[in-house]
Structure formats: structure tokens, C-alpha cells
Amino acid sequence: MLNSIADKKILIIIGGGIAAYKVLDVIRELRKNNCEVKTIITNSGKEFVTPLSISALSKNKVFENLFDPNNETEMDHITLSRWCDLILVAPTTANLMANFARGEAKDFATTVIMASNKPIFLAPAMNVEMWNNPANQENYQKLLQFKYKFIGPVIGEMACGEVGVGKMSSPEEIILTIKNYFLSKNLFNSKNLKALVTAGGTREYIDPVRFLSNESSGKQGFEIAMSLNELGFKTKLVIGPNSLNIKNQDNLEVINVTTSKQMFEACKDNLPVDVAVCAAAVADFKVKNYSEEKIKKEGLEDFNLELEKNIDILSFISSQNINRPRLVVGFAAETQNIIENAQKKIQNKRCDWIVANNVADKSIGFNSDYNEVFLISKNKEVEKFNKSTKSEIAKKLSNKILHALIQ
Ligand code: CTP
């Protein structure tokens with residue numbers, strides 16, 4: 001496969017945190033892939049790794065985080081920010097996030113960031129309470145709006161012994177994200193890949209004011225659409241009623257639907273695509289005799305609803321002869337025998353992959369911000385994506401999709 005990062009110029013800003021030692025592996029791997037690497041180390045970064053070990057691996061001088069006349073004559077902040085193809089900040093501390101969110105230009109690192117016109121990837125690492133702190137969360141949201149790209153943080157045990165979201169992504173995950181960034185950039189210059197994603201629950205109306213539905217929030221499907229879009233896919237998101245704040249963006253079209261019939265029609269109308277991801281919790285049944293008038297309870301002792309099966313959108317997409325996407329991914333919400341049930345679903349619905357999760361565990365799945373899934377392929381390969389935010393799960397899945405499509 002094409003090495004998407006060969007000859008790329010990467011600038012790494014190394015923040016202060018115990019995870020800084022992992023950046024040495026990132027540098028080593030980038031160099032192995034023929035990247036040129038330059039680094040800036042913050043003052044607190046120097047407490048964790050030495051400029052000497054960094055320059056030995058990067059084969060370049062390490063810029064220290066001062067307005068040093070030597071820095072500025074040799075390479076000023078503008079030249080350095082123009083020199084690179086991408087900036088990685090790892091570990092990104094809560095303090096660096098706050099600096100970037102406020103647009104501070106108080107030292108070499110923050111000035112380079114402020115002056116940059118290149119993609120900036122942040123790999124945060126901090127204690128779980130620091131990550132969840134409302135001020136940090138506000139900075140996080142701001143930075144997303146400012147188009148900073150996040151790699152992690154992931155769930156795990158931190159240096160302080162506490163467990164939760166805040167651990168820096170592994171060097172492998174960081175390298176993969178950088179590779180995929182350049183891969184999709186190269187790819188989409190010549191080729192436009194299209195994605196269709198279904199998300200959320202649907203409503204099946206009994207009368208004008210009552211309906212059958214389910215608890216799906218639409219978050220996981222929404223995150224998948226966002227990360228496919230981030231990788232460059234022209235993406236259509238067909239989503240049921242939800243309380244997420246979703247807007248159209250460049251190459252991301254949101255199609256709001258209410259019933260499963262509308263979801264089906266929207267999907268049908270938007271084929272062909274290269275990949276379809278059916279993450280929606282589509283109602284399996286609809287009401288057979290919809291009442292145009294509000295049903296009155298007067299005179300009714302009991303009330304029977306007659307239901308009929310809805311079209312299975314995933315099966316419909318998988319069974320297309322001409323317009324079948326090259327990759328069809330379904331979801332399986334299971335409460336027991338997760339892998340076996342998901343494998344049956346692959347066969348019954350004729351899709352290529354199933355993302356299966358355990359909806360009996362309330363800390364993941366419906367309405368939660370977290371998920372833990374198994375990615376199962378039709379050739380019976382099983383890969384576990386450890387418990388993580390829905391956004392991280394979406395990024396992992398999207399990376400897999402991109403790789404599968406370009407092979
Ligand atoms: N699905 C669909 N259209 C339907 C029903 C389901 O596209 N009418 C898709 C879902 O989006 C998901 C997959 O089928 O990708 C599996 O759905 P799930 O609810 O887990 O399974 P069911 O097919 O409903 O089977 P069961 O309820 O028996 O587990």
C-alpha cells in the first residue's frame with residue numbers, strides 16, 4: 001500500500017506530561033516512514049523527556065519554548081509553521097488546550113500554533129477529572145469549532161492510578177491517524193468516495209400524536225458520519241428524530257427523517273455510494289392501521305395494535321445488484337451471545353461487516369457517550385474496540401473503512 005506519509009514534514013510540540021515519553025516512539029516511527037520531524041519542547045515537557053534524546057531520534061535540533069533570538073534567526077515562528085505539512089501536539093496538556101482556546105501567543109509553541117495554516121492534531125493526556133472539568137470541556141468544544149483535530153484521549157489507567165478518559169492515544173493510533181489524514185488527502189484529490197450513514201431511532205405513528213419508538217440517541221451514527229467526512233468522504237447522514245445539534249457542513253449532508261419508511265426512501269434515493277453504514281435503530285414494525293384522528297379511550301377497555309414488518313434497510317442495501325456499495329456495515333444491538341448473533345446477522349442481512357455491542361450494559365450503547373464494540377467481518381474475523389468515547393470508536397471504524405476501500 002502507498003506510504004501516505006513518506007517525505008512529509010511533521011512538527012511536533014511536546015507538552016509536559018508523563019505521556020511525553022511515548023512521543024519518542026512517534027518520532028522514531030515517523031522517521032522510519034521517511035518523514036522529516038522537527039520539534040518544539042515546552043518548559044514542562046523538558047521535565048519528562050530531554051531535548052538530547054529527542055534530537056537524537058528526530059535528527060534535528062529541538063526548539064525550546066522561548067522567544068530565543070537563536071530560534072528566531074535560524075527559523076522564526078512563521079517560517080516553522082509554514083515549513084511543516086502537519087502539526088502534532090503531544091501530549092496536549094489542559095494548559096495547552098486553554099492557551100490554544102484563548103488564542104494566546106505567549107511563547108514559541110503557542111505563537112507557531114497561532115501563525116499556522118496547517119492541520120493541527122492534538123493528542124490530549126491528563127487526569128480524568130481534569131479532562132471532565134467544565135472549563136476544559138468548554139475549551140475542547142471551542143477547539144473543535146476552531147477545527148483542531150483530536151486524537152483521543154482514550155479510556156485507561158493513568159499515571160496517577162485513576163481510570164477514565166484522559167489517557168493519551170497510543171503511538172500506533174497517533175501514527176495511523178496521521179497516515180490516514182494524508183492518505184485521504186491524496187486519495188480525494190483524484191477520487192471522490194461517498195458514504196451513506198443511517199442513525200437514530202425511527203417513529204412509527206399510531207395516530208397523529210402517538211408513536212412507537214426506541215431509546216437510540218443517534219450519537220454513534222452521527223460520530224461515524226463526522227469522522228468519515230473528516231477523512232474526506234462525501235457523506236449523507238440519514239437520521240431519525242434526535243436532540244443532537246447537527247448541521248450541514250462541507251461534504252456532509254444531513255437528511256432528517258421521522259419514520260422508517262422515510263429513512264428507507266432517503267437511503268434508496270441516495271444510492272449509489274462506496275460505503276453504507278447502517279447504525280440506525282430502525283423500528284422493526286409499523287402500525288398496520290394508522291388512525292388519521294386521535295384515538296379516544298372512551299368506551300375502550302383494552303386496545304390491540306396490529307403491527308406489520310418494516311422494510312429492512314440494511315438488507316435492502318446489501319441486496320442491490322447494480323447499486324450495491326462496495327462495503328456495507330450493519331450494527332447489532334445484542335444482550336447475549338453477541339458474536340454468534342452478530343455473525344448470524346451478517347449472513348441474514350448479507351452485509352460485509354457488523355459492529356456489535358452489548359446493549360444490556362447501560363454504561364455503553366443507547367444514550368451513553370461511550371461504546372465498546374466488536375467489529376465482525378463476513379470472513380469471521382473479530383476485532384474488539386475497547387471501551388471508548390463514541391467519537392473514538394467512530395474514528396477507528398472510519399479508518400478501517402478507508403483502508404478496506406482503497407486496498
Ligand atoms: N436495520 C435496518 N432496517 C430495519 C431493521 C434493522 O436497516 N428495518 C439495521 C440496523 O440499522 C442495524 C441492523 O439492521 O444495522 C441490525 O439491527 P438490530 O436491531 O440489531 O437487529 P434486528 O434486525 O432488528 O434483529 P433482532 O431485533 O431480532 O435482534
# chains A, B, ... in the order shown; residues from 1 in each chain; ligands from 1
>>> residues_near_ligand(ligand="ligand 1", cutoff="10 Å", atoms="only C-alpha atoms and all ligand atoms", output="PyMOL selection string")
chain A and resi 197-202+221+260-261+263-264+267+276-286+309-318+328-335+341-342+344-346+348-349+351+353-357+359
>>> closest_atom_pairs(of="stretch 158-202 of chain A", to="stretch 23-44 of chain A", cutoff="10 Å", atoms="only C-alpha atoms", output="CSV")
residue,atom,partner,partner_atom,distance
A:Ser170,CA,A:Val26,CA,9.0
A:Pro171,CA,A:Val26,CA,5.3
A:Glu172,CA,A:Val26,CA,7.7
A:Glu173,CA,A:Val26,CA,9.7
A:Ile174,CA,A:Val26,CA,7.5
A:Ile175,CA,A:Val26,CA,6.8
A:Ile178,CA,A:Leu30,CA,9.6
A:Lys179,CA,A:Leu30,CA,9.7
>>> closest_residue(among="A:Ile295, A:Leu143, A:Leu57, A:Met97", to="A:Val209", atoms="only C-alpha atoms")
A:Ile295
>>> residues_around(residues="A:Lys61", least_positions_apart="2", cutoff="9 Å", atoms="only C-alpha atoms", output="list in words")
Lys38, Thr39, Pro51, Leu52, Ile54, Ser55, Ala56, Ser58, Lys59 and Phe63 of chain A
>>> write_last_selection(atoms="C-alpha atoms", output="compact mmCIF listing (two decimals), in the first residue's frame")
# COMPACT_ATOMS: atom_id res chain seq x y z
CA LYS A 38 11.12 18.99 13.84
CA THR A 39 10.13 19.52 17.45
CA PRO A 51 15.98 17.62 24.18
CA LEU A 52 19.02 15.40 23.67
CA ILE A 54 14.51 13.96 21.02
CA SER A 55 17.14 15.40 18.70
CA ALA A 56 18.94 12.03 18.57
CA SER A 58 14.44 13.29 15.10
CA LYS A 59 17.92 14.07 13.71
CA PHE A 63 13.43 24.23 19.56
>>> closest_residue(among="A:Ile14, A:Leu405, A:Leu397, A:Val128", to="A:Lys46", atoms="only C-alpha atoms")
A:Ile14
>>> atom_distance(atom1="atom CA of A:Met158", atom2="atom CA of A:Met126")
7.9 Å
>>> residues_around(residues="stretch 77-80 of chain A", least_positions_apart="3", cutoff="9 Å", atoms="only C-alpha atoms", output="PyMOL selection string")
chain A and resi 11+38+71-72+83-84+108-109+111-113+115-116
>>> write_last_selection(atoms="N, CA, C and O atoms", output="CSV table (one decimal), in the first residue's frame")
chain,number,residue,atom,x,y,z
A,11,LEU,N,5.8,18.7,12.4
A,11,LEU,CA,6.3,19.5,13.5
A,11,LEU,C,5.6,19.0,14.7
A,11,LEU,O,4.3,18.9,14.8
A,38,LYS,N,10.6,17.9,13.0
A,38,LYS,CA,11.1,19.0,13.8
A,38,LYS,C,10.3,19.1,15.1
A,38,LYS,O,9.1,18.7,15.1
A,71,ASN,N,16.4,30.9,18.0
A,71,ASN,CA,15.3,30.3,17.3
A,71,ASN,C,14.9,31.2,16.2
A,71,ASN,O,14.6,30.8,15.0
A,72,GLU,N,14.7,32.5,16.5
A,72,GLU,CA,14.0,33.4,15.5
A,72,GLU,C,15.0,33.7,14.4
A,72,GLU,O,14.5,34.0,13.3
A,83,TRP,N,6.8,25.7,7.2
A,83,TRP,CA,7.7,24.6,6.8
A,83,TRP,C,6.9,23.2,6.8
A,83,TRP,O,7.1,22.4,5.9
A,84,CYS,N,6.1,23.0,7.9
A,84,CYS,CA,5.6,21.7,8.1
A,84,CYS,C,4.3,21.5,7.2
A,84,CYS,O,3.7,22.4,6.8
A,108,PHE,N,7.0,30.4,22.1
A,108,PHE,CA,7.3,29.9,20.7
A,108,PHE,C,6.2,28.9,20.3
A,108,PHE,O,5.7,29.1,19.2
A,109,ALA,N,5.8,28.0,21.2
A,109,ALA,CA,4.8,26.9,20.8
A,109,ALA,C,3.5,27.6,20.4
A,109,ALA,O,2.9,27.3,19.4
A,111,THR,N,2.8,30.6,19.7
A,111,THR,CA,2.9,31.5,18.5
A,111,THR,C,2.9,30.8,17.2
A,111,THR,O,2.3,31.2,16.2
A,112,VAL,N,3.6,29.6,17.2
A,112,VAL,CA,3.6,28.8,16.0
A,112,VAL,C,2.2,28.3,15.7
A,112,VAL,O,1.7,28.4,14.6
A,113,ILE,N,1.5,27.9,16.8
A,113,ILE,CA,0.1,27.4,16.6
A,113,ILE,C,-0.7,28.6,16.1
A,113,ILE,O,-1.5,28.4,15.1
A,115,ALA,N,0.1,31.1,14.3
A,115,ALA,CA,0.5,31.5,13.0
A,115,ALA,C,0.3,30.4,12.0
A,115,ALA,O,0.4,30.7,10.8
A,116,SER,N,-0.2,29.2,12.4
A,116,SER,CA,-0.2,28.1,11.5
A,116,SER,C,-1.4,28.2,10.5
A,116,SER,O,-2.5,28.6,10.9
>>> select_by_dssp(residues="stretch 50-255 of chain A", states="strand (DSSP E or B)", output="MDAnalysis selection string")
chainID A and resid 62:64 86:92 120:124 149:150 154:157 163:167 194:199 201 204:207 210:212 234:239 249 252:255
>>> write_last_selection(atoms="C-alpha atoms", output="PDB file, in the first residue's frame")
ATOM      1  CA  VAL A  62      14.916  20.756  19.233  1.00  0.00           C
ATOM      2  CA  PHE A  63      13.433  24.231  19.556  1.00  0.00           C
ATOM      3  CA  GLU A  64      12.939  25.254  23.124  1.00  0.00           C
ATOM      4  CA  LEU A  86       1.097  18.995   9.791  1.00  0.00           C
ATOM      5  CA  ILE A  87       1.490  19.901  13.454  1.00  0.00           C
ATOM      6  CA  LEU A  88       1.071  17.351  16.240  1.00  0.00           C
ATOM      7  CA  VAL A  89       0.840  18.488  19.854  1.00  0.00           C
ATOM      8  CA  ALA A  90       1.558  15.507  22.120  1.00  0.00           C
ATOM      9  CA  PRO A  91       0.915  15.272  24.952  1.00  0.00           C
ATOM     10  CA  THR A  92      -1.537  18.168  24.870  1.00  0.00           C
ATOM     11  CA  ILE A 120      -3.184  20.723  13.867  1.00  0.00           C
ATOM     12  CA  PHE A 121      -3.679  17.408  15.668  1.00  0.00           C
ATOM     13  CA  LEU A 122      -3.969  17.430  19.448  1.00  0.00           C
ATOM     14  CA  ALA A 123      -3.332  14.260  21.482  1.00  0.00           C
ATOM     15  CA  PRO A 124      -4.517  15.195  24.986  1.00  0.00           C
ATOM     16  CA  LYS A 149      -8.336  17.671  15.171  1.00  0.00           C
ATOM     17  CA  PHE A 150      -8.273  15.412  18.220  1.00  0.00           C
ATOM     18  CA  VAL A 154      -8.812   7.273  25.409  1.00  0.00           C
ATOM     19  CA  ILE A 155     -10.031   5.429  28.468  1.00  0.00           C
ATOM     20  CA  GLY A 156      -7.376   3.755  30.584  1.00  0.00           C
ATOM     21  CA  GLU A 157      -5.370   3.785  33.746  1.00  0.00           C
ATOM     22  CA  VAL A 163      -9.047   5.181  35.495  1.00  0.00           C
ATOM     23  CA  GLY A 164     -11.163   7.040  32.956  1.00  0.00           C
ATOM     24  CA  VAL A 165     -10.985   9.223  29.834  1.00  0.00           C
ATOM     25  CA  GLY A 166      -7.741  11.183  29.687  1.00  0.00           C
ATOM     26  CA  LYS A 167      -5.045   8.740  28.640  1.00  0.00           C
ATOM     27  CA  LYS A 194     -19.161   8.571  -0.990  1.00  0.00           C
ATOM     28  CA  ALA A 195     -20.686   7.366   2.256  1.00  0.00           C
ATOM     29  CA  LEU A 196     -24.249   6.887   3.459  1.00  0.00           C
ATOM     30  CA  VAL A 197     -24.876   6.580   7.198  1.00  0.00           C
ATOM     31  CA  THR A 198     -28.163   5.876   8.972  1.00  0.00           C
ATOM     32  CA  ALA A 199     -28.522   6.891  12.603  1.00  0.00           C
ATOM     33  CA  GLY A 201     -34.329   5.689  16.065  1.00  0.00           C
ATOM     34  CA  GLU A 204     -43.983   4.629  13.894  1.00  0.00           C
ATOM     35  CA  TYR A 205     -47.159   6.630  14.381  1.00  0.00           C
ATOM     36  CA  ILE A 206     -50.320   5.121  15.865  1.00  0.00           C
ATOM     37  CA  ASP A 207     -52.311   8.320  15.441  1.00  0.00           C
ATOM     38  CA  ARG A 210     -48.740   8.846  19.486  1.00  0.00           C
ATOM     39  CA  PHE A 211     -45.925   6.719  18.207  1.00  0.00           C
ATOM     40  CA  LEU A 212     -43.747   3.675  18.871  1.00  0.00           C
ATOM     41  CA  LYS A 234     -18.815  12.918   0.675  1.00  0.00           C
ATOM     42  CA  THR A 235     -21.215  11.873   3.381  1.00  0.00           C
ATOM     43  CA  LYS A 236     -25.000  11.740   3.694  1.00  0.00           C
ATOM     44  CA  LEU A 237     -26.367  11.201   7.173  1.00  0.00           C
ATOM     45  CA  VAL A 238     -29.967   9.979   7.294  1.00  0.00           C
ATOM     46  CA  ILE A 239     -31.047  10.442  10.884  1.00  0.00           C
ATOM     47  CA  GLN A 249     -21.087  21.010   6.708  1.00  0.00           C
ATOM     48  CA  LEU A 252     -21.753  16.404   4.977  1.00  0.00           C
ATOM     49  CA  GLU A 253     -25.440  16.481   4.169  1.00  0.00           C
ATOM     50  CA  VAL A 254     -27.906  15.782   6.961  1.00  0.00           C
ATOM     51  CA  ILE A 255     -31.244  14.297   5.914  1.00  0.00           C
TER      52      ILE A 255
END
>>> select_by_dssp(residues="stretch 281-372 of chain A", states="helix (DSSP H, G or I)", output="ChimeraX atom specification")
/A:313-318,338-349
>>> decode(residues="stretch 21-37 of chain A", atoms="all heavy atoms", output="PDB file, in the first residue's frame")
ATOM      1  N   TYR A  21       6.996  10.543  27.077  1.00  0.00           N
ATOM      2  CA  TYR A  21       7.955   9.505  26.665  1.00  0.00           C
ATOM      3  C   TYR A  21       7.447   8.735  25.446  1.00  0.00           C
ATOM      4  O   TYR A  21       8.218   8.237  24.644  1.00  0.00           O
ATOM      5  CB  TYR A  21       8.294   8.570  27.844  1.00  0.00           C
ATOM      6  CG  TYR A  21       7.232   7.547  28.146  1.00  0.00           C
ATOM      7  CD1 TYR A  21       7.256   6.283  27.564  1.00  0.00           C
ATOM      8  CD2 TYR A  21       6.161   7.854  29.005  1.00  0.00           C
ATOM      9  CE1 TYR A  21       6.263   5.353  27.830  1.00  0.00           C
ATOM     10  CE2 TYR A  21       5.170   6.931  29.273  1.00  0.00           C
ATOM     11  CZ  TYR A  21       5.227   5.684  28.684  1.00  0.00           C
ATOM     12  OH  TYR A  21       4.241   4.766  28.928  1.00  0.00           O
ATOM     13  N   LYS A  22       6.100   8.663  25.302  1.00  0.00           N
ATOM     14  CA  LYS A  22       5.541   7.920  24.157  1.00  0.00           C
ATOM     15  C   LYS A  22       5.807   8.658  22.837  1.00  0.00           C
ATOM     16  O   LYS A  22       5.742   8.069  21.768  1.00  0.00           O
ATOM     17  CB  LYS A  22       4.027   7.762  24.311  1.00  0.00           C
ATOM     18  CG  LYS A  22       3.594   6.868  25.431  1.00  0.00           C
ATOM     19  CD  LYS A  22       2.113   6.536  25.220  1.00  0.00           C
ATOM     20  CE  LYS A  22       1.374   6.318  26.500  1.00  0.00           C
ATOM     21  NZ  LYS A  22      -0.073   6.358  26.332  1.00  0.00           N
ATOM     22  N   VAL A  23       6.057   9.962  22.951  1.00  0.00           N
ATOM     23  CA  VAL A  23       6.290  10.740  21.732  1.00  0.00           C
ATOM     24  C   VAL A  23       7.596  10.305  21.074  1.00  0.00           C
ATOM     25  O   VAL A  23       7.754  10.413  19.855  1.00  0.00           O
ATOM     26  CB  VAL A  23       6.286  12.254  22.067  1.00  0.00           C
ATOM     27  CG1 VAL A  23       6.624  13.091  20.859  1.00  0.00           C
ATOM     28  CG2 VAL A  23       4.929  12.643  22.611  1.00  0.00           C
ATOM     29  N   LEU A  24       8.516   9.772  21.877  1.00  0.00           N
ATOM     30  CA  LEU A  24       9.776   9.288  21.300  1.00  0.00           C
ATOM     31  C   LEU A  24       9.481   8.174  20.289  1.00  0.00           C
ATOM     32  O   LEU A  24      10.088   8.120  19.216  1.00  0.00           O
ATOM     33  CB  LEU A  24      10.713   8.779  22.403  1.00  0.00           C
ATOM     34  CG  LEU A  24      11.118   9.826  23.452  1.00  0.00           C
ATOM     35  CD1 LEU A  24      12.030   9.199  24.496  1.00  0.00           C
ATOM     36  CD2 LEU A  24      11.808  11.030  22.813  1.00  0.00           C
ATOM     37  N   ASP A  25       8.507   7.308  20.624  1.00  0.00           N
ATOM     38  CA  ASP A  25       8.126   6.242  19.677  1.00  0.00           C
ATOM     39  C   ASP A  25       7.463   6.808  18.437  1.00  0.00           C
ATOM     40  O   ASP A  25       7.626   6.291  17.337  1.00  0.00           O
ATOM     41  CB  ASP A  25       7.171   5.243  20.348  1.00  0.00           C
ATOM     42  CG  ASP A  25       7.908   4.353  21.325  1.00  0.00           C
ATOM     43  OD1 ASP A  25       9.127   4.181  21.156  1.00  0.00           O
ATOM     44  OD2 ASP A  25       7.270   3.848  22.278  1.00  0.00           O
ATOM     45  N   VAL A  26       6.691   7.878  18.636  1.00  0.00           N
ATOM     46  CA  VAL A  26       6.036   8.504  17.477  1.00  0.00           C
ATOM     47  C   VAL A  26       7.114   9.052  16.533  1.00  0.00           C
ATOM     48  O   VAL A  26       7.067   8.842  15.313  1.00  0.00           O
ATOM     49  CB  VAL A  26       5.078   9.639  17.927  1.00  0.00           C
ATOM     50  CG1 VAL A  26       4.502  10.380  16.722  1.00  0.00           C
ATOM     51  CG2 VAL A  26       3.952   9.072  18.792  1.00  0.00           C
ATOM     52  N   ILE A  27       8.104   9.727  17.107  1.00  0.00           N
ATOM     53  CA  ILE A  27       9.179  10.309  16.279  1.00  0.00           C
ATOM     54  C   ILE A  27       9.926   9.188  15.542  1.00  0.00           C
ATOM     55  O   ILE A  27      10.164   9.272  14.329  1.00  0.00           O
ATOM     56  CB  ILE A  27      10.167  11.118  17.157  1.00  0.00           C
ATOM     57  CG1 ILE A  27       9.442  12.294  17.813  1.00  0.00           C
ATOM     58  CG2 ILE A  27      11.358  11.600  16.332  1.00  0.00           C
ATOM     59  CD1 ILE A  27      10.263  13.051  18.843  1.00  0.00           C
ATOM     60  N   ARG A  28      10.250   8.120  16.292  1.00  0.00           N
ATOM     61  CA  ARG A  28      11.000   7.009  15.691  1.00  0.00           C
ATOM     62  C   ARG A  28      10.223   6.444  14.491  1.00  0.00           C
ATOM     63  O   ARG A  28      10.772   6.229  13.413  1.00  0.00           O
ATOM     64  CB  ARG A  28      11.200   5.926  16.769  1.00  0.00           C
ATOM     65  CG  ARG A  28      12.126   4.813  16.347  1.00  0.00           C
ATOM     66  CD  ARG A  28      12.321   3.777  17.444  1.00  0.00           C
ATOM     67  NE  ARG A  28      13.097   4.244  18.571  1.00  0.00           N
ATOM     68  CZ  ARG A  28      12.664   4.304  19.834  1.00  0.00           C
ATOM     69  NH1 ARG A  28      11.437   3.924  20.122  1.00  0.00           N
ATOM     70  NH2 ARG A  28      13.432   4.733  20.804  1.00  0.00           N
ATOM     71  N   GLU A  29       8.918   6.251  14.678  1.00  0.00           N
ATOM     72  CA  GLU A  29       8.084   5.668  13.623  1.00  0.00           C
ATOM     73  C   GLU A  29       7.964   6.614  12.427  1.00  0.00           C
ATOM     74  O   GLU A  29       8.026   6.177  11.278  1.00  0.00           O
ATOM     75  CB  GLU A  29       6.702   5.340  14.226  1.00  0.00           C
ATOM     76  CG  GLU A  29       5.875   4.328  13.477  1.00  0.00           C
ATOM     77  CD  GLU A  29       6.592   3.007  13.208  1.00  0.00           C
ATOM     78  OE1 GLU A  29       7.431   2.563  14.021  1.00  0.00           O
ATOM     79  OE2 GLU A  29       6.309   2.441  12.138  1.00  0.00           O
ATOM     80  N   LEU A  30       7.824   7.892  12.698  1.00  0.00           N
ATOM     81  CA  LEU A  30       7.734   8.862  11.589  1.00  0.00           C
ATOM     82  C   LEU A  30       9.028   8.861  10.783  1.00  0.00           C
ATOM     83  O   LEU A  30       9.012   8.888   9.555  1.00  0.00           O
ATOM     84  CB  LEU A  30       7.449  10.267  12.134  1.00  0.00           C
ATOM     85  CG  LEU A  30       6.043  10.505  12.706  1.00  0.00           C
ATOM     86  CD1 LEU A  30       5.961  11.870  13.398  1.00  0.00           C
ATOM     87  CD2 LEU A  30       4.984  10.427  11.602  1.00  0.00           C
ATOM     88  N   ARG A  31      10.156   8.801  11.465  1.00  0.00           N
ATOM     89  CA  ARG A  31      11.456   8.792  10.781  1.00  0.00           C
ATOM     90  C   ARG A  31      11.587   7.524   9.940  1.00  0.00           C
ATOM     91  O   ARG A  31      12.085   7.574   8.822  1.00  0.00           O
ATOM     92  CB  ARG A  31      12.602   8.872  11.805  1.00  0.00           C
ATOM     93  CG  ARG A  31      12.701  10.203  12.522  1.00  0.00           C
ATOM     94  CD  ARG A  31      13.331  11.291  11.657  1.00  0.00           C
ATOM     95  NE  ARG A  31      14.624  10.881  11.160  1.00  0.00           N
ATOM     96  CZ  ARG A  31      15.132  11.236   9.991  1.00  0.00           C
ATOM     97  NH1 ARG A  31      14.434  12.010   9.183  1.00  0.00           N
ATOM     98  NH2 ARG A  31      16.313  10.809   9.612  1.00  0.00           N
ATOM     99  N   LYS A  32      11.100   6.393  10.506  1.00  0.00           N
ATOM    100  CA  LYS A  32      11.159   5.119   9.754  1.00  0.00           C
ATOM    101  C   LYS A  32      10.373   5.229   8.457  1.00  0.00           C
ATOM    102  O   LYS A  32      10.663   4.568   7.474  1.00  0.00           O
ATOM    103  CB  LYS A  32      10.539   3.998  10.607  1.00  0.00           C
ATOM    104  CG  LYS A  32      11.559   3.064  11.207  1.00  0.00           C
ATOM    105  CD  LYS A  32      10.879   1.750  11.523  1.00  0.00           C
ATOM    106  CE  LYS A  32      10.998   1.434  12.991  1.00  0.00           C
ATOM    107  NZ  LYS A  32      10.057   0.442  13.457  1.00  0.00           N
ATOM    108  N   ASN A  33       9.338   6.049   8.493  1.00  0.00           N
ATOM    109  CA  ASN A  33       8.486   6.237   7.312  1.00  0.00           C
ATOM    110  C   ASN A  33       8.969   7.387   6.437  1.00  0.00           C
ATOM    111  O   ASN A  33       8.215   7.927   5.631  1.00  0.00           O
ATOM    112  CB  ASN A  33       7.047   6.501   7.741  1.00  0.00           C
ATOM    113  CG  ASN A  33       6.316   5.229   8.121  1.00  0.00           C
ATOM    114  OD1 ASN A  33       5.783   4.542   7.272  1.00  0.00           O
ATOM    115  ND2 ASN A  33       6.338   4.903   9.399  1.00  0.00           N
ATOM    116  N   ASN A  34      10.229   7.778   6.657  1.00  0.00           N
ATOM    117  CA  ASN A  34      10.861   8.839   5.849  1.00  0.00           C
ATOM    118  C   ASN A  34      10.248  10.219   6.005  1.00  0.00           C
ATOM    119  O   ASN A  34      10.258  11.011   5.058  1.00  0.00           O
ATOM    120  CB  ASN A  34      10.851   8.474   4.356  1.00  0.00           C
ATOM    121  CG  ASN A  34      11.759   7.322   4.080  1.00  0.00           C
ATOM    122  OD1 ASN A  34      12.791   7.190   4.760  1.00  0.00           O
ATOM    123  ND2 ASN A  34      11.377   6.476   3.155  1.00  0.00           N
ATOM    124  N   CYS A  35       9.684  10.484   7.163  1.00  0.00           N
ATOM    125  CA  CYS A  35       9.200  11.854   7.417  1.00  0.00           C
ATOM    126  C   CYS A  35      10.350  12.687   7.941  1.00  0.00           C
ATOM    127  O   CYS A  35      11.257  12.166   8.600  1.00  0.00           O
ATOM    128  CB  CYS A  35       8.150  11.859   8.522  1.00  0.00           C
ATOM    129  SG  CYS A  35       6.639  11.106   8.038  1.00  0.00           S
ATOM    130  N   GLU A  36      10.279  13.983   7.693  1.00  0.00           N
ATOM    131  CA  GLU A  36      11.209  14.867   8.385  1.00  0.00           C
ATOM    132  C   GLU A  36      10.490  15.392   9.622  1.00  0.00           C
ATOM    133  O   GLU A  36       9.322  15.793   9.537  1.00  0.00           O
ATOM    134  CB  GLU A  36      11.661  16.015   7.485  1.00  0.00           C
ATOM    135  CG  GLU A  36      12.846  16.697   8.126  1.00  0.00           C
ATOM    136  CD  GLU A  36      13.464  17.800   7.289  1.00  0.00           C
ATOM    137  OE1 GLU A  36      13.169  17.863   6.074  1.00  0.00           O
ATOM    138  OE2 GLU A  36      14.207  18.599   7.859  1.00  0.00           O
ATOM    139  N   VAL A  37      11.152  15.366  10.750  1.00  0.00           N
ATOM    140  CA  VAL A  37      10.489  15.736  12.012  1.00  0.00           C
ATOM    141  C   VAL A  37      11.247  16.873  12.685  1.00  0.00           C
ATOM    142  O   VAL A  37      12.464  16.789  12.891  1.00  0.00           O
ATOM    143  CB  VAL A  37      10.435  14.519  12.971  1.00  0.00           C
ATOM    144  CG1 VAL A  37       9.745  14.904  14.280  1.00  0.00           C
ATOM    145  CG2 VAL A  37       9.725  13.345  12.326  1.00  0.00           C
TER     146      VAL A  37
END
